[in-house]
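Q: My structure is stored as input-v6.csv, with CSV, all heavy atoms.
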```csv
chain,number,residue,atom,x,y,z
A,23,MET,N,14.4,27.2,-9.1
A,23,MET,CA,14.7,25.9,-8.5
A,23,MET,C,16.2,25.9,-8.3
A,23,MET,O,17.0,26.4,-9.1
A,23,MET,CB,14.4,24.8,-9.5
A,23,MET,CG,12.9,24.5,-9.5
A,23,MET,SD,12.7,22.8,-10.2
A,23,MET,CE,11.5,23.2,-11.4
A,24,LEU,N,16.6,25.2,-7.3
A,24,LEU,CA,18.0,25.1,-6.9
A,24,LEU,C,18.4,23.6,-7.0
A,24,LEU,O,17.6,22.7,-6.7
A,24,LEU,CB,18.3,25.5,-5.5
A,24,LEU,CG,17.8,27.0,-5.2
A,24,LEU,CD1,17.9,27.2,-3.7
A,24,LEU,CD2,18.6,28.0,-6.0
A,25,ALA,N,19.6,23.3,-7.5
A,25,ALA,CA,20.1,21.9,-7.6
A,25,ALA,C,21.5,21.8,-7.2
A,25,ALA,O,22.3,22.6,-7.5
A,25,ALA,CB,19.9,21.5,-9.1
A,26,PRO,N,21.8,20.7,-6.4
A,26,PRO,CA,23.2,20.4,-6.2
A,26,PRO,C,23.9,20.2,-7.5
A,26,PRO,O,23.3,19.7,-8.5
A,26,PRO,CB,23.1,19.1,-5.4
A,26,PRO,CG,21.7,18.9,-4.9
A,26,PRO,CD,20.9,19.7,-5.9
A,27,SER,N,25.2,20.4,-7.5
A,27,SER,CA,25.9,20.3,-8.8
A,27,SER,C,25.8,18.9,-9.4
A,27,SER,O,26.0,17.9,-8.8
A,27,SER,CB,27.4,20.7,-8.6
A,27,SER,OG,28.0,19.7,-7.7
A,28,GLY,N,25.4,18.9,-10.7
A,28,GLY,CA,25.3,17.7,-11.4
A,28,GLY,C,24.0,16.9,-11.2
A,28,GLY,O,23.9,15.8,-11.8
A,29,ASN,N,23.1,17.3,-10.4
A,29,ASN,CA,21.9,16.6,-10.1
A,29,ASN,C,20.7,17.4,-10.6
A,29,ASN,O,20.8,18.5,-11.0
A,29,ASN,CB,21.7,16.4,-8.6
A,29,ASN,CG,22.8,15.5,-8.0
A,29,ASN,OD1,23.3,14.6,-8.7
A,29,ASN,ND2,23.2,15.7,-6.8
A,30,LYS,N,19.6,16.7,-10.6
A,30,LYS,CA,18.3,17.4,-10.9
A,30,LYS,C,17.9,18.3,-9.8
A,30,LYS,O,18.3,18.1,-8.7
A,30,LYS,CB,17.2,16.3,-11.2
A,30,LYS,CG,17.5,15.5,-12.4
A,30,LYS,CD,16.4,14.5,-12.6
A,30,LYS,CE,16.7,13.6,-13.9
A,30,LYS,NZ,15.7,12.6,-14.1
A,31,PRO,N,17.1,19.3,-10.1
A,31,PRO,CA,16.6,20.2,-9.0
A,31,PRO,C,16.0,19.4,-7.8
A,31,PRO,O,15.3,18.5,-8.0
A,31,PRO,CB,15.6,21.1,-9.7
A,31,PRO,CG,16.0,21.0,-11.1
A,31,PRO,CD,16.5,19.6,-11.4
A,32,ALA,N,16.4,19.9,-6.6
A,32,ALA,CA,15.9,19.2,-5.4
A,32,ALA,C,15.0,20.2,-4.6
A,32,ALA,O,14.4,19.8,-3.7
A,32,ALA,CB,17.0,18.7,-4.6
A,33,GLN,N,15.1,21.5,-4.9
A,33,GLN,CA,14.4,22.5,-4.1
A,33,GLN,C,13.5,23.3,-5.0
A,33,GLN,O,13.9,23.7,-6.1
A,33,GLN,CB,15.4,23.4,-3.3
A,33,GLN,CG,16.2,22.6,-2.4
A,33,GLN,CD,17.3,23.5,-1.8
A,33,GLN,OE1,17.3,24.7,-1.9
A,33,GLN,NE2,18.3,22.9,-1.1
A,34,LEU,N,12.4,23.7,-4.5
A,34,LEU,CA,11.5,24.6,-5.2
A,34,LEU,C,11.0,25.7,-4.3
A,34,LEU,O,10.5,25.4,-3.2
A,34,LEU,CB,10.2,23.8,-5.7
A,34,LEU,CG,9.2,24.7,-6.4
A,34,LEU,CD1,9.7,25.2,-7.7
A,34,LEU,CD2,7.9,23.8,-6.6
A,35,LEU,N,11.2,26.9,-4.7
A,35,LEU,CA,10.8,28.1,-3.9
A,35,LEU,C,9.7,28.8,-4.7
A,35,LEU,O,9.7,28.9,-5.9
A,35,LEU,CB,12.0,29.1,-3.7
A,35,LEU,CG,13.2,28.5,-3.1
A,35,LEU,CD1,14.3,29.5,-3.1
A,35,LEU,CD2,12.9,28.0,-1.7
A,36,HIS,N,8.7,29.2,-4.0
A,36,HIS,CA,7.6,30.0,-4.6
A,36,HIS,C,7.4,31.3,-3.9
A,36,HIS,O,7.4,31.3,-2.6
A,36,HIS,CB,6.2,29.2,-4.5
A,36,HIS,CG,5.1,29.9,-5.2
A,36,HIS,ND1,4.3,30.8,-4.6
A,36,HIS,CD2,4.7,29.8,-6.5
A,36,HIS,CE1,3.5,31.3,-5.5
A,36,HIS,NE2,3.7,30.7,-6.7
A,37,ASP,N,7.3,32.4,-4.6
A,37,ASP,CA,7.2,33.7,-4.0
A,37,ASP,C,6.1,34.5,-4.7
A,37,ASP,O,5.7,34.2,-5.8
A,37,ASP,CB,8.5,34.5,-4.0
A,37,ASP,CG,9.0,34.8,-5.4
A,37,ASP,OD1,8.4,35.7,-6.0
A,37,ASP,OD2,9.9,34.1,-5.9
A,38,GLN,N,5.6,35.4,-3.9
A,38,GLN,CA,4.6,36.4,-4.4
A,38,GLN,C,5.2,37.8,-4.0
A,38,GLN,O,5.2,38.1,-2.8
A,38,GLN,CB,3.2,36.2,-3.9
A,38,GLN,CG,2.5,35.0,-4.5
A,38,GLN,CD,1.1,34.9,-4.0
A,38,GLN,OE1,0.8,35.2,-2.9
A,38,GLN,NE2,0.3,34.4,-4.9
A,39,GLY,N,5.7,38.5,-5.0
A,39,GLY,CA,6.4,39.8,-4.7
A,39,GLY,C,7.6,39.5,-3.9
A,39,GLY,O,8.5,38.7,-4.2
A,40,ASP,N,7.7,40.2,-2.7
A,40,ASP,CA,8.9,40.0,-1.8
A,40,ASP,C,8.7,39.0,-0.7
A,40,ASP,O,9.5,38.9,0.2
A,40,ASP,CB,9.2,41.4,-1.1
A,40,ASP,CG,9.6,42.4,-2.1
A,40,ASP,OD1,10.2,42.0,-3.2
A,40,ASP,OD2,9.5,43.6,-1.8
A,41,THR,N,7.6,38.2,-0.8
A,41,THR,CA,7.2,37.2,0.2
A,41,THR,C,7.5,35.8,-0.3
A,41,THR,O,6.9,35.4,-1.3
A,41,THR,CB,5.8,37.4,0.7
A,41,THR,OG1,5.6,38.7,1.1
A,41,THR,CG2,5.4,36.4,1.8
A,42,LEU,N,8.3,35.0,0.4
A,42,LEU,CA,8.4,33.6,0.2
A,42,LEU,C,7.1,32.9,0.7
A,42,LEU,O,6.9,32.9,1.9
A,42,LEU,CB,9.6,33.0,0.8
A,42,LEU,CG,9.9,31.5,0.7
A,42,LEU,CD1,10.1,31.2,-0.8
A,42,LEU,CD2,11.1,31.1,1.5
A,43,THR,N,6.4,32.3,-0.2
A,43,THR,CA,5.1,31.7,0.1
A,43,THR,C,5.1,30.2,0.2
A,43,THR,O,4.3,29.6,0.9
A,43,THR,CB,4.0,32.1,-0.8
A,43,THR,OG1,4.4,31.7,-2.1
A,43,THR,CG2,3.7,33.6,-0.8
A,44,GLY,N,6.1,29.6,-0.4
A,44,GLY,CA,6.2,28.1,-0.3
A,44,GLY,C,7.6,27.6,-0.6
A,44,GLY,O,8.4,28.2,-1.3
A,45,PHE,N,7.8,26.4,-0.1
A,45,PHE,CA,9.1,25.8,-0.2
A,45,PHE,C,8.9,24.3,-0.2
A,45,PHE,O,8.1,23.7,0.6
A,45,PHE,CB,10.0,26.1,1.0
A,45,PHE,CG,11.3,25.3,1.1
A,45,PHE,CD1,12.4,25.7,0.3
A,45,PHE,CD2,11.4,24.2,1.9
A,45,PHE,CE1,13.6,25.0,0.3
A,45,PHE,CE2,12.6,23.5,2.0
A,45,PHE,CZ,13.7,23.9,1.2
A,46,ALA,N,9.5,23.6,-1.2
A,46,ALA,CA,9.5,22.1,-1.2
A,46,ALA,C,10.9,21.6,-1.5
A,46,ALA,O,11.7,22.2,-2.2
A,46,ALA,CB,8.6,21.7,-2.3
A,47,TYR,N,11.2,20.5,-0.8
A,47,TYR,CA,12.5,19.9,-0.9
A,47,TYR,C,12.4,18.4,-1.1
A,47,TYR,O,11.6,17.7,-0.3
A,47,TYR,CB,13.3,20.2,0.3
A,47,TYR,CG,14.7,19.5,0.4
A,47,TYR,CD1,15.7,20.1,-0.4
A,47,TYR,CD2,15.0,18.4,1.1
A,47,TYR,CE1,17.0,19.5,-0.4
A,47,TYR,CE2,16.2,17.8,1.1
A,47,TYR,CZ,17.2,18.4,0.4
A,47,TYR,OH,18.5,17.8,0.3
A,48,LEU,N,13.0,17.8,-2.1
A,48,LEU,CA,13.0,16.4,-2.3
A,48,LEU,C,14.4,15.8,-1.9
A,48,LEU,O,15.4,16.3,-2.3
A,48,LEU,CB,12.8,16.0,-3.8
A,48,LEU,CG,11.4,16.1,-4.3
A,48,LEU,CD1,10.9,17.5,-4.3
A,48,LEU,CD2,11.2,15.4,-5.6
A,49,GLN,N,14.4,14.8,-1.1
A,49,GLN,CA,15.6,14.2,-0.6
A,49,GLN,C,15.7,12.7,-1.0
A,49,GLN,O,14.8,11.9,-0.7
A,49,GLN,CB,15.7,14.3,0.9
A,49,GLN,CG,17.0,13.7,1.5
A,49,GLN,CD,17.1,13.9,3.0
A,49,GLN,OE1,16.1,13.7,3.7
A,49,GLN,NE2,18.2,14.4,3.5
A,50,HIS,N,16.7,12.4,-1.8
A,50,HIS,CA,16.9,11.0,-2.2
A,50,HIS,C,18.4,10.7,-2.0
A,50,HIS,O,19.3,11.0,-2.8
A,50,HIS,CB,16.6,10.9,-3.7
A,50,HIS,CG,16.5,9.5,-4.2
A,50,HIS,ND1,16.9,9.1,-5.4
A,50,HIS,CD2,16.1,8.3,-3.6
A,50,HIS,CE1,16.7,7.8,-5.6
A,50,HIS,NE2,16.2,7.3,-4.5
A,51,LEU,N,18.7,10.1,-0.9
A,51,LEU,CA,20.1,9.9,-0.4
A,51,LEU,C,20.8,8.8,-1.2
A,51,LEU,O,22.0,9.0,-1.5
A,51,LEU,CB,20.1,9.6,1.1
A,51,LEU,CG,19.5,10.7,2.0
A,51,LEU,CD1,19.6,10.3,3.4
A,51,LEU,CD2,20.3,12.0,1.8
A,52,ARG,N,20.2,7.7,-1.4
A,52,ARG,CA,20.8,6.5,-2.1
A,52,ARG,C,19.9,6.0,-3.2
A,52,ARG,O,18.7,6.1,-3.0
A,52,ARG,CB,21.2,5.4,-1.1
A,52,ARG,CG,22.1,5.9,0.0
A,52,ARG,CD,22.4,4.7,1.0
A,52,ARG,NE,21.2,4.0,1.4
A,52,ARG,CZ,20.4,4.3,2.4
A,52,ARG,NH1,20.7,5.3,3.1
A,52,ARG,NH2,19.4,3.5,2.7
A,53,PRO,N,20.4,5.3,-4.2
A,53,PRO,CA,19.6,4.8,-5.2
A,53,PRO,C,18.5,3.8,-4.7
A,53,PRO,O,17.5,3.6,-5.2
A,53,PRO,CB,20.5,4.1,-6.2
A,53,PRO,CG,21.8,4.8,-6.0
A,53,PRO,CD,21.8,5.2,-4.5
A,54,ASP,N,18.9,3.1,-3.6
A,54,ASP,CA,18.0,2.1,-3.0
A,54,ASP,C,17.1,2.6,-1.9
A,54,ASP,O,16.3,1.8,-1.3
A,54,ASP,CB,18.8,0.8,-2.5
A,54,ASP,CG,19.7,1.2,-1.4
A,54,ASP,OD1,20.1,2.4,-1.3
A,54,ASP,OD2,20.1,0.3,-0.6
A,55,SER,N,17.1,3.9,-1.7
A,55,SER,CA,16.3,4.5,-0.6
A,55,SER,C,15.0,5.2,-1.2
A,55,SER,O,15.0,5.5,-2.4
A,55,SER,CB,17.1,5.5,0.2
A,55,SER,OG,17.4,6.6,-0.6
A,56,GLU,N,14.1,5.4,-0.4
A,56,GLU,CA,12.8,6.1,-0.8
A,56,GLU,C,13.1,7.6,-0.9
A,56,GLU,O,14.0,8.1,-0.2
A,56,GLU,CB,11.7,5.8,0.2
A,56,GLU,CG,11.3,4.4,0.3
A,56,GLU,CD,10.1,4.2,1.2
A,56,GLU,OE1,9.6,5.2,1.8
A,56,GLU,OE2,9.6,3.1,1.4
A,57,ILE,N,12.3,8.2,-1.7
A,57,ILE,CA,12.4,9.7,-1.8
A,57,ILE,C,11.5,10.3,-0.7
A,57,ILE,O,10.4,9.9,-0.4
A,57,ILE,CB,11.9,10.2,-3.2
A,57,ILE,CG1,12.8,9.6,-4.3
A,57,ILE,CG2,11.8,11.7,-3.2
A,57,ILE,CD1,12.3,9.9,-5.7
A,58,GLU,N,12.1,11.3,0.0
A,58,GLU,CA,11.3,12.0,1.0
A,58,GLU,C,11.1,13.4,0.5
A,58,GLU,O,11.9,14.0,-0.1
A,58,GLU,CB,12.1,12.1,2.3
A,58,GLU,CG,12.3,10.7,3.0
A,58,GLU,CD,13.0,10.8,4.4
A,58,GLU,OE1,12.8,11.8,5.0
A,58,GLU,OE2,13.6,9.8,4.7
A,59,ILE,N,9.9,13.9,0.8
A,59,ILE,CA,9.4,15.2,0.3
A,59,ILE,C,9.1,16.1,1.6
A,59,ILE,O,8.3,15.6,2.4
A,59,ILE,CB,8.3,15.2,-0.6
A,59,ILE,CG1,8.6,14.3,-1.8
A,59,ILE,CG2,7.8,16.6,-1.0
A,59,ILE,CD1,7.5,14.0,-2.7
A,60,TYR,N,9.6,17.2,1.7
A,60,TYR,CA,9.3,18.2,2.7
A,60,TYR,C,8.7,19.4,2.1
A,60,TYR,O,9.2,19.8,1.1
A,60,TYR,CB,10.6,18.5,3.5
A,60,TYR,CG,11.4,17.4,4.0
A,60,TYR,CD1,12.4,16.8,3.3
A,60,TYR,CD2,11.0,16.8,5.3
A,60,TYR,CE1,13.1,15.7,3.8
A,60,TYR,CE2,11.7,15.7,5.8
A,60,TYR,CZ,12.8,15.2,5.0
A,60,TYR,OH,13.5,14.1,5.5
A,61,GLY,N,7.8,20.0,2.8
A,61,GLY,CA,7.2,21.2,2.2
A,61,GLY,C,6.7,22.2,3.3
A,61,GLY,O,6.3,21.7,4.4
A,62,MET,N,6.7,23.4,3.0
A,62,MET,CA,6.2,24.4,3.9
A,62,MET,C,5.4,25.5,3.1
A,62,MET,O,5.8,25.8,2.0
A,62,MET,CB,7.3,25.1,4.7
A,62,MET,CG,8.1,24.2,5.6
A,62,MET,SD,9.4,25.1,6.4
A,62,MET,CE,10.6,25.1,5.1
A,63,VAL,N,4.3,26.0,3.7
A,63,VAL,CA,3.6,27.1,3.1
A,63,VAL,C,3.4,28.2,4.1
A,63,VAL,O,3.1,27.9,5.3
A,63,VAL,CB,2.2,26.6,2.6
A,63,VAL,CG1,1.4,27.8,2.1
A,63,VAL,CG2,2.3,25.5,1.6
A,64,HIS,N,3.7,29.4,3.7
A,64,HIS,CA,3.5,30.6,4.6
A,64,HIS,C,2.1,30.6,5.2
A,64,HIS,O,1.1,30.4,4.4
A,64,HIS,CB,3.7,31.9,3.8
A,64,HIS,CG,3.8,33.1,4.6
A,64,HIS,ND1,2.7,33.6,5.2
A,64,HIS,CD2,4.9,33.9,4.9
A,64,HIS,CE1,3.1,34.7,5.9
A,64,HIS,NE2,4.4,34.9,5.7
A,65,PRO,N,1.9,30.8,6.5
A,65,PRO,CA,0.6,30.7,7.1
A,65,PRO,C,-0.5,31.6,6.4
A,65,PRO,O,-1.6,31.3,6.4
A,65,PRO,CB,0.8,31.2,8.6
A,65,PRO,CG,2.3,30.9,8.8
A,65,PRO,CD,3.0,31.1,7.5
A,66,ASP,N,-0.1,32.8,5.9
A,66,ASP,CA,-1.0,33.7,5.3
A,66,ASP,C,-1.5,33.2,3.9
A,66,ASP,O,-2.4,33.8,3.4
A,66,ASP,CB,-0.4,35.1,5.2
A,66,ASP,CG,-0.2,35.8,6.6
A,66,ASP,OD1,-0.8,35.3,7.6
A,66,ASP,OD2,0.6,36.7,6.6
A,67,HIS,N,-0.9,32.2,3.4
A,67,HIS,CA,-1.2,31.7,2.1
A,67,HIS,C,-1.7,30.3,2.1
A,67,HIS,O,-1.8,29.7,1.0
A,67,HIS,CB,0.1,31.8,1.2
A,67,HIS,CG,0.5,33.2,1.0
A,67,HIS,ND1,0.0,34.0,0.0
A,67,HIS,CD2,1.3,34.0,1.7
A,67,HIS,CE1,0.6,35.2,0.1
A,67,HIS,NE2,1.4,35.2,1.1
A,68,ARG,N,-2.1,29.8,3.2
A,68,ARG,CA,-2.7,28.5,3.3
A,68,ARG,C,-4.2,28.6,3.1
A,68,ARG,O,-4.8,29.6,3.3
A,68,ARG,CB,-2.5,27.8,4.7
A,68,ARG,CG,-1.0,27.6,5.0
A,68,ARG,CD,-0.8,27.1,6.3
A,68,ARG,NE,0.6,27.0,6.6
A,68,ARG,CZ,1.2,26.8,7.8
A,68,ARG,NH1,0.4,26.8,8.8
A,68,ARG,NH2,2.5,26.8,7.9
A,69,ARG,N,-4.8,27.5,2.7
A,69,ARG,CA,-6.3,27.5,2.5
A,69,ARG,C,-6.9,27.6,3.9
A,69,ARG,O,-6.5,27.1,4.9
A,69,ARG,CB,-6.7,26.1,1.9
A,69,ARG,CG,-6.4,26.0,0.5
A,69,ARG,CD,-7.0,24.7,0.0
A,69,ARG,NE,-6.2,24.1,-1.0
A,69,ARG,CZ,-6.4,23.0,-1.6
A,69,ARG,NH1,-7.5,22.3,-1.3
A,69,ARG,NH2,-5.6,22.6,-2.6
A,70,ASN,N,-8.1,28.3,3.9
A,70,ASN,CA,-8.9,28.4,5.1
A,70,ASN,C,-9.8,27.2,5.2
A,70,ASN,O,-10.5,26.9,4.3
A,70,ASN,CB,-9.7,29.6,5.1
A,70,ASN,CG,-9.4,30.6,6.1
A,70,ASN,OD1,-8.6,30.3,7.0
A,70,ASN,ND2,-9.8,31.8,5.9
A,71,ARG,N,-9.6,26.4,6.3
A,71,ARG,CA,-10.5,25.2,6.5
A,71,ARG,C,-11.4,25.5,7.6
A,71,ARG,O,-11.0,25.9,8.7
A,71,ARG,CB,-9.6,24.0,6.8
A,71,ARG,CG,-8.9,23.5,5.6
A,71,ARG,CD,-8.1,22.3,5.8
A,71,ARG,NE,-8.4,21.6,7.1
A,71,ARG,CZ,-7.9,20.5,7.5
A,71,ARG,NH1,-7.0,19.9,6.7
A,71,ARG,NH2,-8.2,19.9,8.6
A,72,GLN,N,-12.7,25.3,7.4
A,72,GLN,CA,-13.7,25.4,8.5
A,72,GLN,C,-13.8,24.0,9.1
A,72,GLN,O,-14.1,23.0,8.4
A,72,GLN,CB,-15.0,25.8,7.9
A,72,GLN,CG,-14.9,27.2,7.2
A,72,GLN,CD,-14.6,28.3,8.2
A,72,GLN,OE1,-15.0,28.2,9.4
A,72,GLN,NE2,-13.9,29.3,7.8
A,73,LEU,N,-13.6,23.9,10.4
A,73,LEU,CA,-13.7,22.6,11.1
A,73,LEU,C,-15.1,22.4,11.6
A,73,LEU,O,-15.8,23.3,12.0
A,73,LEU,CB,-12.7,22.4,12.2
A,73,LEU,CG,-11.2,22.5,11.6
A,73,LEU,CD1,-10.3,22.4,12.8
A,73,LEU,CD2,-11.0,21.4,10.7
```
Show me, as structure tokens, the structure contained in the file I just sent.

A:
Amino acid sequence: MLAPSGNKPAQLLHDQGDTLTGFAYLQHLRPDSEIEIYGMVHPDHRRNRQL
């Protein structure tokens, strides 16, 4: 996990071997603002959904 200095971790990286498979980022700009969460998953590691 990575964290801006003096703060709690805001980024989470997930890897399998040499491949980055996932990334999540929490953004909380001001105490009175909502927390926003962004995430990405490598296409080869997503669940297969049958439509």

Q: One decimal, Å: what's the distance from atom O of Met62 in chain A over to CE1 of His50 in chain A, could you say?

A: 22.4 Å

Q: Would you compute the distance between CB of Thr41 in chain A and CG of His64 in chain A? Give it in Å to one decimal.

A: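 Interatomic distance here is 6.1 Å.
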
Q: Applying 10 Å and only C-alpha atoms, which residues near range 57-59 of chain A remain after dropping the ones on its own chain fewer than 2 positions away? List them as number ranges by chain.

A: A: 32-33, 46-55, 61

Q: Report, in Å to a single decimal, how far apart CG of Asp66 in chain A and atom N of Gly44 in chain A are.

A: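 Atom-to-atom, atom N of Gly44 in chain A and CG of Asp66 in chain A are spaced 11.3 Å apart.
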